[in-house]
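Colleague: Just one file: target.cif, with mmCIF, C-alpha atoms and all ligand atoms.
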```
data_work
#
loop_
_atom_site.group_PDB
_atom_site.id
_atom_site.type_symbol
_atom_site.label_atom_id
_atom_site.label_comp_id
_atom_site.auth_asym_id
_atom_site.auth_seq_id
_atom_site.Cartn_x
_atom_site.Cartn_y
_atom_site.Cartn_z
ATOM 1 C CA MET A 1481 3.184 -39.738 7.397
ATOM 2 C CA ARG A 1482 1.814 -38.106 4.223
ATOM 3 C CA PRO A 1483 3.534 -39.227 1.028
ATOM 4 C CA GLU A 1484 5.450 -36.551 -0.852
ATOM 5 C CA PRO A 1485 3.603 -35.533 -4.027
ATOM 6 C CA PRO A 1486 5.532 -36.197 -7.228
ATOM 7 C CA SER A 1487 8.026 -33.417 -7.823
ATOM 8 C CA GLY A 1488 6.854 -30.776 -10.290
ATOM 9 C CA SER A 1489 3.202 -31.740 -10.001
ATOM 10 C CA VAL A 1490 0.449 -29.198 -9.582
ATOM 11 C CA VAL A 1491 -0.004 -30.434 -6.013
ATOM 12 C CA SER A 1492 3.610 -29.924 -5.015
ATOM 13 C CA ASN A 1493 3.790 -26.513 -6.648
ATOM 14 C CA HIS A 1494 0.626 -25.499 -4.826
ATOM 15 C CA ALA A 1495 2.021 -26.781 -1.533
ATOM 16 C CA LYS A 1496 5.159 -24.688 -2.034
ATOM 17 C CA ALA A 1497 3.082 -21.621 -2.887
ATOM 18 C CA CYS A 1498 1.111 -21.994 0.336
ATOM 19 C CA VAL A 1499 4.163 -21.344 2.522
ATOM 20 C CA VAL A 1500 3.696 -17.770 3.692
ATOM 21 C CA ASN A 1501 6.918 -15.848 3.240
ATOM 22 C CA ALA A 1502 7.854 -13.645 6.188
ATOM 23 C CA THR A 1503 10.686 -11.735 4.496
ATOM 24 C CA LEU A 1504 8.628 -8.550 4.290
ATOM 25 C CA THR A 1505 7.376 -8.502 7.872
ATOM 26 C CA GLN A 1506 10.886 -9.226 9.143
ATOM 27 C CA ARG A 1507 12.439 -6.576 6.963
ATOM 28 C CA LEU A 1508 9.946 -3.936 8.090
ATOM 29 C CA GLY A 1509 9.900 -5.107 11.703
ATOM 30 C CA ILE A 1510 6.115 -5.513 11.747
ATOM 31 C CA ARG A 1511 3.931 -8.273 13.168
ATOM 32 C CA HIS A 1512 1.111 -8.373 10.625
ATOM 33 C CA PRO A 1513 1.327 -8.330 6.810
ATOM 34 C CA VAL A 1514 -0.844 -5.218 6.528
ATOM 35 C CA ILE A 1515 0.276 -1.854 5.160
ATOM 36 C CA LEU A 1516 -1.844 1.255 5.488
ATOM 37 C CA ALA A 1517 -2.127 2.994 2.115
ATOM 38 C CA PRO A 1518 -0.729 6.520 2.293
ATOM 39 C CA MET A 1519 -4.049 8.088 1.306
ATOM 40 C CA GLY A 1520 -3.307 11.718 0.525
ATOM 41 C CA GLY A 1521 -4.890 13.919 3.178
ATOM 42 C CA ALA A 1522 -6.647 10.980 4.893
ATOM 43 C CA SER A 1523 -3.796 8.871 6.262
ATOM 44 C CA GLY A 1524 -2.557 11.376 8.830
ATOM 45 C CA GLY A 1525 -0.086 10.819 11.630
ATOM 46 C CA ARG A 1526 -2.715 9.527 14.028
ATOM 47 C CA LEU A 1527 -3.970 6.811 11.677
ATOM 48 C CA ALA A 1528 -0.442 5.832 10.624
ATOM 49 C CA ALA A 1529 0.622 5.505 14.272
ATOM 50 C CA ALA A 1530 -2.501 3.504 15.130
ATOM 51 C CA VAL A 1531 -1.828 0.996 12.344
ATOM 52 C CA SER A 1532 1.853 0.692 13.303
ATOM 53 C CA ASN A 1533 1.063 0.314 16.986
ATOM 54 C CA ALA A 1534 -1.402 -2.444 16.090
ATOM 55 C CA GLY A 1535 1.359 -4.387 14.306
ATOM 56 C CA GLY A 1536 1.012 -3.271 10.679
ATOM 57 C CA LEU A 1537 2.937 -0.575 8.828
ATOM 58 C CA GLY A 1538 1.268 2.834 8.960
ATOM 59 C CA LEU A 1539 2.159 5.218 6.145
ATOM 60 C CA VAL A 1540 1.431 8.942 6.348
ATOM 61 C CA GLY A 1541 -0.231 10.025 3.095
ATOM 62 C CA GLY A 1542 1.834 12.903 1.828
ATOM 63 C CA GLY A 1543 -0.066 12.962 -1.479
ATOM 64 C CA TYR A 1544 1.172 15.788 -3.655
ATOM 65 C CA GLY A 1545 3.459 17.006 -0.853
ATOM 66 C CA ASP A 1546 1.977 20.070 0.821
ATOM 67 C CA PRO A 1547 4.516 20.878 3.585
ATOM 68 C CA ALA A 1548 1.866 22.712 5.627
ATOM 69 C CA TRP A 1549 -0.044 19.410 5.926
ATOM 70 C CA LEU A 1550 2.907 17.051 5.974
ATOM 71 C CA ASP A 1551 5.041 18.589 8.721
ATOM 72 C CA PRO A 1552 2.493 18.377 11.542
ATOM 73 C CA GLU A 1553 1.261 14.938 10.462
ATOM 74 C CA LEU A 1554 4.789 13.534 10.315
ATOM 75 C CA ALA A 1555 5.482 15.002 13.741
ATOM 76 C CA ILE A 1556 2.346 13.284 15.124
ATOM 77 C CA ALA A 1557 3.371 9.933 13.624
ATOM 78 C CA ALA A 1558 6.942 10.234 14.898
ATOM 79 C CA LYS A 1559 5.690 10.979 18.402
ATOM 80 C CA ALA A 1560 2.795 8.508 18.610
ATOM 81 C CA ALA A 1561 4.221 5.480 16.799
ATOM 82 C CA GLN A 1562 5.992 2.980 19.020
ATOM 83 C CA ALA A 1563 6.748 0.740 16.059
ATOM 84 C CA PRO A 1564 8.070 1.274 12.524
ATOM 85 C CA TRP A 1565 6.016 3.693 10.425
ATOM 86 C CA GLY A 1566 6.519 5.400 7.096
ATOM 87 C CA VAL A 1567 5.475 8.036 4.610
ATOM 88 C CA GLY A 1568 4.290 8.037 1.020
ATOM 89 C CA LEU A 1569 4.484 10.615 -1.738
ATOM 90 C CA ILE A 1570 3.093 10.769 -5.242
ATOM 91 C CA THR A 1571 6.232 10.540 -7.345
ATOM 92 C CA TRP A 1572 5.239 12.852 -10.158
ATOM 93 C CA THR A 1573 5.150 15.840 -7.781
ATOM 94 C CA ALA A 1574 8.076 14.770 -5.590
ATOM 95 C CA ASN A 1575 11.346 16.658 -5.396
ATOM 96 C CA ARG A 1576 14.287 16.685 -3.009
ATOM 97 C CA GLN A 1577 12.834 19.692 -1.148
ATOM 98 C CA LEU A 1578 9.891 17.437 -0.246
ATOM 99 C CA VAL A 1579 11.696 14.145 0.207
ATOM 100 C CA ASP A 1580 14.466 15.361 2.512
ATOM 101 C CA PRO A 1581 12.223 16.943 5.186
ATOM 102 C CA CYS A 1582 10.064 13.797 5.241
ATOM 103 C CA VAL A 1583 13.100 11.664 5.957
ATOM 104 C CA SER A 1584 14.171 13.976 8.779
ATOM 105 C CA TYR A 1585 11.205 12.737 10.886
ATOM 106 C CA GLY A 1586 12.693 9.257 11.002
ATOM 107 C CA PRO A 1587 10.303 7.055 8.995
ATOM 108 C CA ALA A 1588 11.366 3.426 8.605
ATOM 109 C CA ALA A 1589 9.807 3.167 5.150
ATOM 110 C CA PHE A 1590 9.298 5.552 2.234
ATOM 111 C CA LEU A 1591 6.766 4.824 -0.473
ATOM 112 C CA LEU A 1592 6.752 6.325 -3.946
ATOM 113 C CA SER A 1593 3.770 5.832 -6.204
ATOM 114 C CA PHE A 1594 2.725 6.898 -9.706
ATOM 115 C CA GLY A 1595 5.815 7.812 -11.665
ATOM 116 C CA ASP A 1596 9.523 7.209 -12.057
ATOM 117 C CA PRO A 1597 11.149 6.572 -8.658
ATOM 118 C CA ARG A 1598 14.720 6.662 -9.965
ATOM 119 C CA PRO A 1599 15.493 10.326 -9.178
ATOM 120 C CA TYR A 1600 14.893 9.754 -5.440
ATOM 121 C CA ALA A 1601 15.508 6.061 -4.873
ATOM 122 C CA GLN A 1602 19.152 6.150 -3.877
ATOM 123 C CA ALA A 1603 18.787 9.251 -1.691
ATOM 124 C CA ILE A 1604 15.928 7.597 0.203
ATOM 125 C CA LYS A 1605 17.754 4.312 0.649
ATOM 126 C CA ALA A 1606 20.908 6.093 1.789
ATOM 127 C CA THR A 1607 18.976 7.337 4.842
ATOM 128 C CA GLY A 1608 18.204 3.767 5.891
ATOM 129 C CA CYS A 1609 14.517 3.927 4.888
ATOM 130 C CA THR A 1610 13.113 0.870 3.163
ATOM 131 C CA LEU A 1611 12.067 1.985 -0.320
ATOM 132 C CA ILE A 1612 8.607 0.769 -1.345
ATOM 133 C CA CYS A 1613 7.240 1.493 -4.829
ATOM 134 C CA GLN A 1614 3.637 1.082 -5.919
ATOM 135 C CA VAL A 1615 3.138 0.097 -9.559
ATOM 136 C CA GLN A 1616 0.169 -0.528 -11.813
ATOM 137 C CA ASP A 1617 1.695 -2.725 -14.515
ATOM 138 C CA LEU A 1618 4.692 -4.885 -15.359
ATOM 139 C CA ALA A 1619 6.663 -2.076 -16.968
ATOM 140 C CA GLY A 1620 6.321 -0.067 -13.772
ATOM 141 C CA ALA A 1621 7.333 -3.095 -11.707
ATOM 142 C CA LEU A 1622 10.524 -3.593 -13.707
ATOM 143 C CA MET A 1623 11.323 0.125 -13.481
ATOM 144 C CA ALA A 1624 10.850 -0.009 -9.694
ATOM 145 C CA ARG A 1625 13.050 -3.099 -9.459
ATOM 146 C CA ASP A 1626 15.787 -1.438 -11.506
ATOM 147 C CA ALA A 1627 15.501 1.700 -9.364
ATOM 148 C CA GLY A 1628 16.321 -0.402 -6.299
ATOM 149 C CA ALA A 1629 12.868 -0.778 -4.726
ATOM 150 C CA GLU A 1630 13.037 -3.129 -1.757
ATOM 151 C CA ILE A 1631 9.297 -3.861 -1.724
ATOM 152 C CA ILE A 1632 6.957 -3.518 -4.723
ATOM 153 C CA VAL A 1633 3.204 -3.006 -4.426
ATOM 154 C CA ALA A 1634 1.033 -4.237 -7.295
ATOM 155 C CA GLN A 1635 -1.964 -1.902 -7.353
ATOM 156 C CA GLY A 1636 -4.989 -3.206 -9.211
ATOM 157 C CA THR A 1637 -7.762 -1.189 -10.730
ATOM 158 C CA GLU A 1638 -10.036 -1.946 -7.757
ATOM 159 C CA ALA A 1639 -7.870 0.368 -5.641
ATOM 160 C CA GLY A 1640 -9.242 3.644 -4.379
ATOM 161 C CA GLY A 1641 -7.667 6.884 -5.550
ATOM 162 C CA HIS A 1642 -5.570 6.821 -8.699
ATOM 163 C CA GLY A 1643 -5.071 3.445 -10.304
ATOM 164 C CA GLY A 1644 -4.185 1.421 -13.341
ATOM 165 C CA LEU A 1645 -6.166 -0.756 -15.676
ATOM 166 C CA ARG A 1646 -5.312 -4.292 -14.541
ATOM 167 C CA SER A 1647 -7.331 -6.091 -11.931
ATOM 168 C CA THR A 1648 -5.604 -6.798 -8.610
ATOM 169 C CA PHE A 1649 -5.617 -10.570 -8.497
ATOM 170 C CA PRO A 1650 -4.348 -11.174 -12.046
ATOM 171 C CA LEU A 1651 -1.740 -8.414 -11.636
ATOM 172 C CA VAL A 1652 -0.311 -9.567 -8.292
ATOM 173 C CA PRO A 1653 1.171 -12.925 -9.374
ATOM 174 C CA ALA A 1654 2.504 -11.401 -12.581
ATOM 175 C CA VAL A 1655 4.343 -8.683 -10.644
ATOM 176 C CA VAL A 1656 5.501 -11.077 -7.912
ATOM 177 C CA ASP A 1657 7.026 -13.397 -10.506
ATOM 178 C CA ALA A 1658 8.606 -10.544 -12.450
ATOM 179 C CA VAL A 1659 10.369 -8.928 -9.484
ATOM 180 C CA ALA A 1660 11.262 -11.976 -7.351
ATOM 181 C CA PRO A 1661 13.000 -12.181 -4.929
ATOM 182 C CA ILE A 1662 11.901 -8.621 -4.100
ATOM 183 C CA PRO A 1663 8.812 -8.977 -1.863
ATOM 184 C CA GLY A 1664 5.516 -8.056 -3.520
ATOM 185 C CA VAL A 1665 2.412 -6.556 -1.931
ATOM 186 C CA ALA A 1666 -1.183 -6.587 -3.187
ATOM 187 C CA ALA A 1667 -3.330 -3.430 -3.248
ATOM 188 C CA GLY A 1668 -6.869 -2.896 -4.424
ATOM 189 C CA GLY A 1669 -10.152 -4.302 -3.174
ATOM 190 C CA ILE A 1670 -8.731 -6.022 -0.079
ATOM 191 C CA ALA A 1671 -10.532 -5.292 3.172
ATOM 192 C CA ASP A 1672 -10.635 -8.399 5.331
ATOM 193 C CA GLY A 1673 -8.791 -11.555 6.306
ATOM 194 C CA ARG A 1674 -10.086 -13.543 3.368
ATOM 195 C CA GLY A 1675 -8.777 -10.963 0.915
ATOM 196 C CA LEU A 1676 -5.435 -10.882 2.700
ATOM 197 C CA ALA A 1677 -5.222 -14.683 2.668
ATOM 198 C CA ALA A 1678 -6.012 -14.726 -1.046
ATOM 199 C CA ALA A 1679 -3.296 -12.149 -1.712
ATOM 200 C CA LEU A 1680 -0.772 -14.226 0.240
ATOM 201 C CA MET A 1681 -1.718 -17.315 -1.754
ATOM 202 C CA LEU A 1682 -0.977 -15.388 -4.953
ATOM 203 C CA GLY A 1683 2.549 -14.766 -3.741
ATOM 204 C CA ALA A 1684 2.153 -11.335 -2.178
ATOM 205 C CA GLN A 1685 3.716 -10.976 1.250
ATOM 206 C CA ALA A 1686 1.268 -8.347 2.518
ATOM 207 C CA ALA A 1687 -1.788 -6.335 1.556
ATOM 208 C CA ARG A 1688 -1.825 -2.582 1.297
ATOM 209 C CA ILE A 1689 -5.238 -1.328 2.316
ATOM 210 C CA GLY A 1690 -6.768 2.098 1.856
ATOM 211 C CA THR A 1691 -10.538 2.288 1.542
ATOM 212 C CA HIS A 1692 -11.196 0.151 4.613
ATOM 213 C CA PHE A 1693 -9.021 2.414 6.764
ATOM 214 C CA TYR A 1694 -10.653 5.498 5.264
ATOM 215 C CA ALA A 1695 -13.672 4.707 7.441
ATOM 216 C CA CYS A 1696 -11.649 4.669 10.704
ATOM 217 C CA ARG A 1697 -12.143 7.396 13.256
ATOM 218 C CA GLU A 1698 -8.371 8.063 13.269
ATOM 219 C CA ALA A 1699 -8.456 8.894 9.548
ATOM 220 C CA LEU A 1700 -8.554 12.477 8.376
ATOM 221 C CA SER A 1701 -11.266 11.530 5.926
ATOM 222 C CA LEU A 1702 -14.040 14.013 5.448
ATOM 223 C CA GLU A 1703 -16.583 13.680 8.265
ATOM 224 C CA ALA A 1704 -19.359 13.687 5.706
ATOM 225 C CA MET A 1705 -17.783 10.849 3.730
ATOM 226 C CA ARG A 1706 -16.846 8.507 6.575
ATOM 227 C CA PRO A 1707 -20.304 7.043 7.312
ATOM 228 C CA SER A 1708 -20.944 6.600 3.634
ATOM 229 C CA ALA A 1709 -17.588 4.856 3.142
ATOM 230 C CA ALA A 1710 -18.655 2.356 5.780
ATOM 231 C CA SER A 1711 -22.178 1.754 4.572
ATOM 232 C CA GLN A 1712 -22.361 2.114 0.794
ATOM 233 C CA ARG A 1713 -22.704 -0.927 -1.390
ATOM 234 C CA ALA A 1714 -20.396 -1.905 -4.228
ATOM 235 C CA THR A 1715 -22.706 -0.375 -6.803
ATOM 236 C CA ALA A 1716 -21.914 3.082 -5.393
ATOM 237 C CA THR A 1717 -18.510 2.836 -7.085
ATOM 238 C CA ARG A 1718 -17.906 5.591 -9.638
ATOM 239 C CA LEU A 1719 -15.240 5.756 -12.299
ATOM 240 C CA ARG A 1720 -14.067 9.294 -13.015
ATOM 241 C CA ALA A 1721 -11.653 8.465 -15.782
ATOM 242 C CA PRO A 1722 -10.364 5.211 -17.257
ATOM 243 C CA ALA A 1723 -7.373 5.052 -14.928
ATOM 244 C CA CYS A 1724 -8.717 6.971 -11.967
ATOM 245 C CA SER A 1725 -11.509 6.154 -9.548
ATOM 246 C CA THR A 1726 -12.647 8.274 -6.665
ATOM 247 C CA LEU A 1727 -14.763 8.120 -3.571
ATOM 248 C CA CYS A 1728 -18.043 9.416 -4.812
ATOM 249 C CA GLY A 1729 -20.785 9.203 -2.254
ATOM 250 C CA GLY A 1730 -19.387 5.964 -0.885
ATOM 251 C CA SER A 1731 -16.852 3.199 -1.240
ATOM 252 C CA ASN A 1732 -14.809 3.436 -4.384
ATOM 253 C CA SER A 1733 -13.834 -0.182 -4.578
ATOM 254 C CA SER A 1734 -15.911 -3.277 -4.881
ATOM 255 C CA LEU A 1735 -15.938 -3.708 -1.121
ATOM 256 C CA LYS A 1736 -18.620 -3.887 1.444
ATOM 257 C CA ILE A 1737 -16.939 -2.339 4.435
ATOM 258 C CA SER A 1738 -17.979 -3.159 7.956
ATOM 259 C CA PRO A 1739 -18.277 -0.079 10.196
HETATM 260 C C1 LIG A 1801 -9.059 8.260 -0.530
HETATM 261 C C2 LIG A 1801 -7.827 7.625 -1.107
HETATM 262 C C3 LIG A 1801 -6.700 8.398 -1.351
HETATM 263 C C4 LIG A 1801 -5.532 7.807 -1.849
HETATM 264 N N1 LIG A 1801 -4.426 8.575 -2.022
HETATM 265 C C5 LIG A 1801 -3.256 7.988 -2.368
HETATM 266 C C6 LIG A 1801 -2.052 8.749 -2.416
HETATM 267 O O1 LIG A 1801 -2.033 9.959 -2.173
HETATM 268 N N2 LIG A 1801 -0.906 8.122 -2.746
HETATM 269 C C7 LIG A 1801 -0.876 6.773 -3.019
HETATM 270 O O2 LIG A 1801 0.188 6.242 -3.282
HETATM 271 N N3 LIG A 1801 -2.002 6.043 -3.029
HETATM 272 C C8 LIG A 1801 -3.179 6.601 -2.682
HETATM 273 N N4 LIG A 1801 -4.323 5.845 -2.650
HETATM 274 C C9 LIG A 1801 -4.286 4.454 -3.171
HETATM 275 C C10 LIG A 1801 -3.729 3.489 -2.164
HETATM 276 O O3 LIG A 1801 -2.339 3.623 -2.087
HETATM 277 C C11 LIG A 1801 -4.025 2.011 -2.416
HETATM 278 O O4 LIG A 1801 -3.470 1.588 -3.626
HETATM 279 C C12 LIG A 1801 -5.502 1.689 -2.421
HETATM 280 O O5 LIG A 1801 -6.175 2.381 -1.395
HETATM 281 C C13 LIG A 1801 -5.709 0.189 -2.228
HETATM 282 O O6 LIG A 1801 -7.021 -0.180 -2.569
HETATM 283 P P1 LIG A 1801 -8.269 -0.128 -1.570
HETATM 284 O O7 LIG A 1801 -8.622 1.322 -1.439
HETATM 285 O O8 LIG A 1801 -9.314 -0.925 -2.254
HETATM 286 O O9 LIG A 1801 -7.815 -0.715 -0.269
HETATM 287 C C14 LIG A 1801 -5.511 6.417 -2.148
HETATM 288 C C15 LIG A 1801 -6.652 5.657 -1.906
HETATM 289 C C16 LIG A 1801 -7.797 6.234 -1.390
HETATM 290 C C17 LIG A 1801 -8.989 5.369 -1.111
#
```
What do you get writing this file as structure tokens?
Modeller:
Amino acid sequence: MRPEPPSGSVVSNHAKACVVNATLTQRLGIRHPVILAPMGGASGGRLAAAVSNAGGLGLVGGGYGDPAWLDPELAIAAKAAQAPWGVGLITWTANRQLVDPCVSYGPAAFLLSFGDPRPYAQAIKATGCTLICQVQDLAGALMARDAGAEIIVAQGTEAGGHGGLRSTFPLVPAVVDAVAPIPGVAAGGIADGRGLAAALMLGAQAARIGTHFYACREALSLEAMRPSAASQRATATRLRAPACSTLCGGSNSSLKISP
């Protein structure tokens, strides 16, 4: 029998941290701690359903909320997913005329990102959807917690699309500690099992992954961009503005993605 390490020591704290918490997977009813990022225009119903049917949580990427795009994609997800799936909107363009129709398709989870979730949080939760908020700093994390978020995603600057200024792996433990016991998720620069394992060791209960899924055939990514997303090297990353990176001729995070 292995002796117990002295209480409070670095070893015992590390041992406690290594216990993977399954609260999030149980709450969402998923088998794997992987969440598809709701990439606006790229995470359509087919990709969301594929991720959910494979045991993760697929999120349809509603982006800025164009109903002409959203309605058919939500209908595809609702029909094709045989497991919980969800939808994500960019909060700063959300309104009840967008939120309510999304909920009518029966998503199990609703993600709000980039902005104040408080105007919609209670309405979303009242429908039975799990409210997930993506944040880029501690102030955003505390706002999401106070709004009633049930899962909080810490999005580091490595993330594709819009992003904040703090790097993923320093940000994740800070957010996890600040919002506990609300489950935290890591986003930004994670694309394989090692990255997921590292995120779990930092206290996240799942990884939210975008760029890697952008290269999938089920994604509605631009045909011309897909091969380059799978083959470009990290140095192809471009920064468009201090807080906003974009796919620019290849992968937009420091990832080497396998086709
Ligand atoms: C092409 C693309 C579009 C994105 N669009 C959105 C979006 O509309 N809403 C959102 O919340 N996040 C969006 N994201 C960011 C993701 O939610 C997530 O934080 C990010 O993809 C994680 O980092 P990774 O790309 O390194 O996996 C987008 C990411 C990419 C790559």
Colleague: List the neighbours of Asp1596 in chain A out to 8 Å using all atoms listed in the file; skip same-chain residues closer than 6 positions along the sequence, and give me the result as a ChimeraX atom specification.
Modeller: /A:1571-1572,1623-1624
Colleague: With ligand LIG 1801 (chain A) as the partner and 8 Å as the cut-off, tabulate the residues of chain A that qualify, each row holding the nearest pair of atoms and their distance in Å to one decimal, using all atoms listed in the file, sorted by chain and rising number, as a Markdown table.
Modeller:
```
| residue | atom | partner | partner_atom | distance |
| --- | --- | --- | --- | --- |
| A:Leu1516 | CA | A:LIG1801 | O3 | 8.0 |
| A:Ala1517 | CA | A:LIG1801 | O3 | 4.3 |
| A:Pro1518 | CA | A:LIG1801 | N2 | 5.3 |
| A:Met1519 | CA | A:LIG1801 | N1 | 3.4 |
| A:Gly1520 | CA | A:LIG1801 | O1 | 3.5 |
| A:Gly1521 | CA | A:LIG1801 | O1 | 7.2 |
| A:Ala1522 | CA | A:LIG1801 | C1 | 6.5 |
| A:Gly1541 | CA | A:LIG1801 | O1 | 5.6 |
| A:Gly1542 | CA | A:LIG1801 | O1 | 6.3 |
| A:Gly1543 | CA | A:LIG1801 | O1 | 3.7 |
| A:Tyr1544 | CA | A:LIG1801 | O1 | 6.8 |
| A:Gly1568 | CA | A:LIG1801 | O2 | 6.2 |
| A:Leu1569 | CA | A:LIG1801 | N2 | 6.0 |
| A:Ile1570 | CA | A:LIG1801 | N2 | 5.4 |
| A:Leu1591 | CA | A:LIG1801 | O2 | 7.3 |
| A:Leu1592 | CA | A:LIG1801 | O2 | 6.6 |
| A:Ser1593 | CA | A:LIG1801 | O2 | 4.6 |
| A:Phe1594 | CA | A:LIG1801 | O2 | 6.9 |
| A:Gln1614 | CA | A:LIG1801 | O2 | 6.7 |
| A:Gln1635 | CA | A:LIG1801 | O4 | 5.3 |
| A:Gly1636 | CA | A:LIG1801 | O4 | 7.5 |
| A:Glu1638 | CA | A:LIG1801 | O8 | 5.6 |
| A:Ala1639 | CA | A:LIG1801 | O6 | 3.2 |
| A:Gly1640 | CA | A:LIG1801 | C17 | 3.7 |
| A:Gly1641 | CA | A:LIG1801 | C15 | 4.0 |
| A:His1642 | CA | A:LIG1801 | C9 | 6.1 |
| A:Gly1643 | CA | A:LIG1801 | O4 | 7.1 |
| A:Ala1667 | CA | A:LIG1801 | C13 | 4.4 |
| A:Gly1668 | CA | A:LIG1801 | O6 | 3.3 |
| A:Gly1669 | CA | A:LIG1801 | O8 | 3.6 |
| A:Ile1670 | CA | A:LIG1801 | O9 | 5.4 |
| A:Ala1671 | CA | A:LIG1801 | O9 | 6.3 |
| A:Arg1688 | CA | A:LIG1801 | C13 | 5.9 |
| A:Ile1689 | CA | A:LIG1801 | O9 | 3.7 |
| A:Gly1690 | CA | A:LIG1801 | O5 | 3.3 |
| A:Thr1691 | CA | A:LIG1801 | O7 | 3.7 |
| A:His1692 | CA | A:LIG1801 | O9 | 6.0 |
| A:Phe1693 | CA | A:LIG1801 | O9 | 7.8 |
| A:Tyr1694 | CA | A:LIG1801 | C17 | 6.6 |
| A:Ser1701 | CA | A:LIG1801 | C1 | 7.6 |
| A:Thr1726 | CA | A:LIG1801 | C1 | 7.1 |
| A:Leu1727 | CA | A:LIG1801 | C1 | 6.5 |
| A:Asn1732 | CA | A:LIG1801 | C17 | 7.0 |
| A:Ser1733 | CA | A:LIG1801 | O8 | 5.1 |
| A:Ser1734 | CA | A:LIG1801 | O8 | 7.5 |
| A:Leu1735 | CA | A:LIG1801 | O8 | 7.3 |
```
Colleague: Provide the CA of Thr1573 in chain A to CA of Ile1632 in chain A distance in Å, to one decimal place.
Modeller: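 Distance between the two atoms: 19.7 Å.
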Colleague: Once the PyMOL selection byres (((chain A and resi 1589) around 12) and not hetatm) has been evaluated on this model, what residues remain selected, and can you format them as a ChimeraX atom specification?
Modeller: /A:1504,1507-1510,1515-1516,1518,1528,1532,1537-1540,1563-1569,1582-1583,1585-1588,1590-1592,1601,1604-1613,1629-1631
Colleague: Take the PyMOL selection byres (((chain A and resi 1682) around 8) and not hetatm), run it mentally on this structure, and tell me the resulting residues as a JSON list (two decimals) with C-alpha atoms, in the coordinates of the input.
Modeller:
```
[["chain", "number", "residue", "atom", "x", "y", "z"],
["A", 1497, "ALA", "CA", 3.08, -21.62, -2.89],
["A", 1649, "PHE", "CA", -5.62, -10.57, -8.50],
["A", 1652, "VAL", "CA", -0.31, -9.57, -8.29],
["A", 1653, "PRO", "CA", 1.17, -12.92, -9.37],
["A", 1678, "ALA", "CA", -6.01, -14.73, -1.05],
["A", 1679, "ALA", "CA", -3.30, -12.15, -1.71],
["A", 1680, "LEU", "CA", -0.77, -14.23, 0.24],
["A", 1681, "MET", "CA", -1.72, -17.32, -1.75],
["A", 1683, "GLY", "CA", 2.55, -14.77, -3.74],
["A", 1684, "ALA", "CA", 2.15, -11.34, -2.18]]
```
Colleague: What is the distance between CA of Ala1555 in chain A and CA of Asp1672 in chain A, in Å to one decimal?
Modeller: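 The value is 29.6 Å.
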Colleague: Taking into account only C-alpha atoms, which residue in the set A:Thr1505, A:Ser1708, A:Asn1533, A:Asn1575 is nearest to Tyr1600 in chain A?
Modeller: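 Ranking A:Thr1505, A:Ser1708, A:Asn1533, A:Asn1575 by distance to Tyr1600 in chain A, first place goes to A:Asn1575.
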Colleague: Looking at A:Asn1501, A:Val1579, A:Leu1676, A:Arg1646, which one is nearest to Pro1661 in chain A, with distances taken over only C-alpha atoms?
Modeller: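 The shortest atom-to-atom distance to Pro1661 in chain A comes from A:Asn1501.
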Colleague: Of the candidates A:Asp1580, A:Gln1616, A:Ala1627, A:Ala1548, which one gets nearest to Thr1648 in chain A if we count all atoms listed in the file?
Modeller: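 Smallest separation from Thr1648 in chain A among the options: A:Gln1616.
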Colleague: Enter the distance from CA of Ala1574 in chain A to CA of Pro1597 in chain A, in Å, rounded to one decimal.
Modeller: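 If I compute the distance from CA of Ala1574 in chain A to CA of Pro1597 in chain A, I get 9.3 Å.
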Colleague: What are the centre and the three edge lengths of an axis-aligned box that wraps all atoms of range 1642-1650 of chain A in the file, given that 5 Å is added to every side, written as lines of an AutoDock Vina configuration file and rounded to one decimal in Å?
Modeller:
```
center_x = -5.8
center_y = -2.2
center_z = -12.1
size_x = 13.1
size_y = 28.0
size_z = 17.2
```
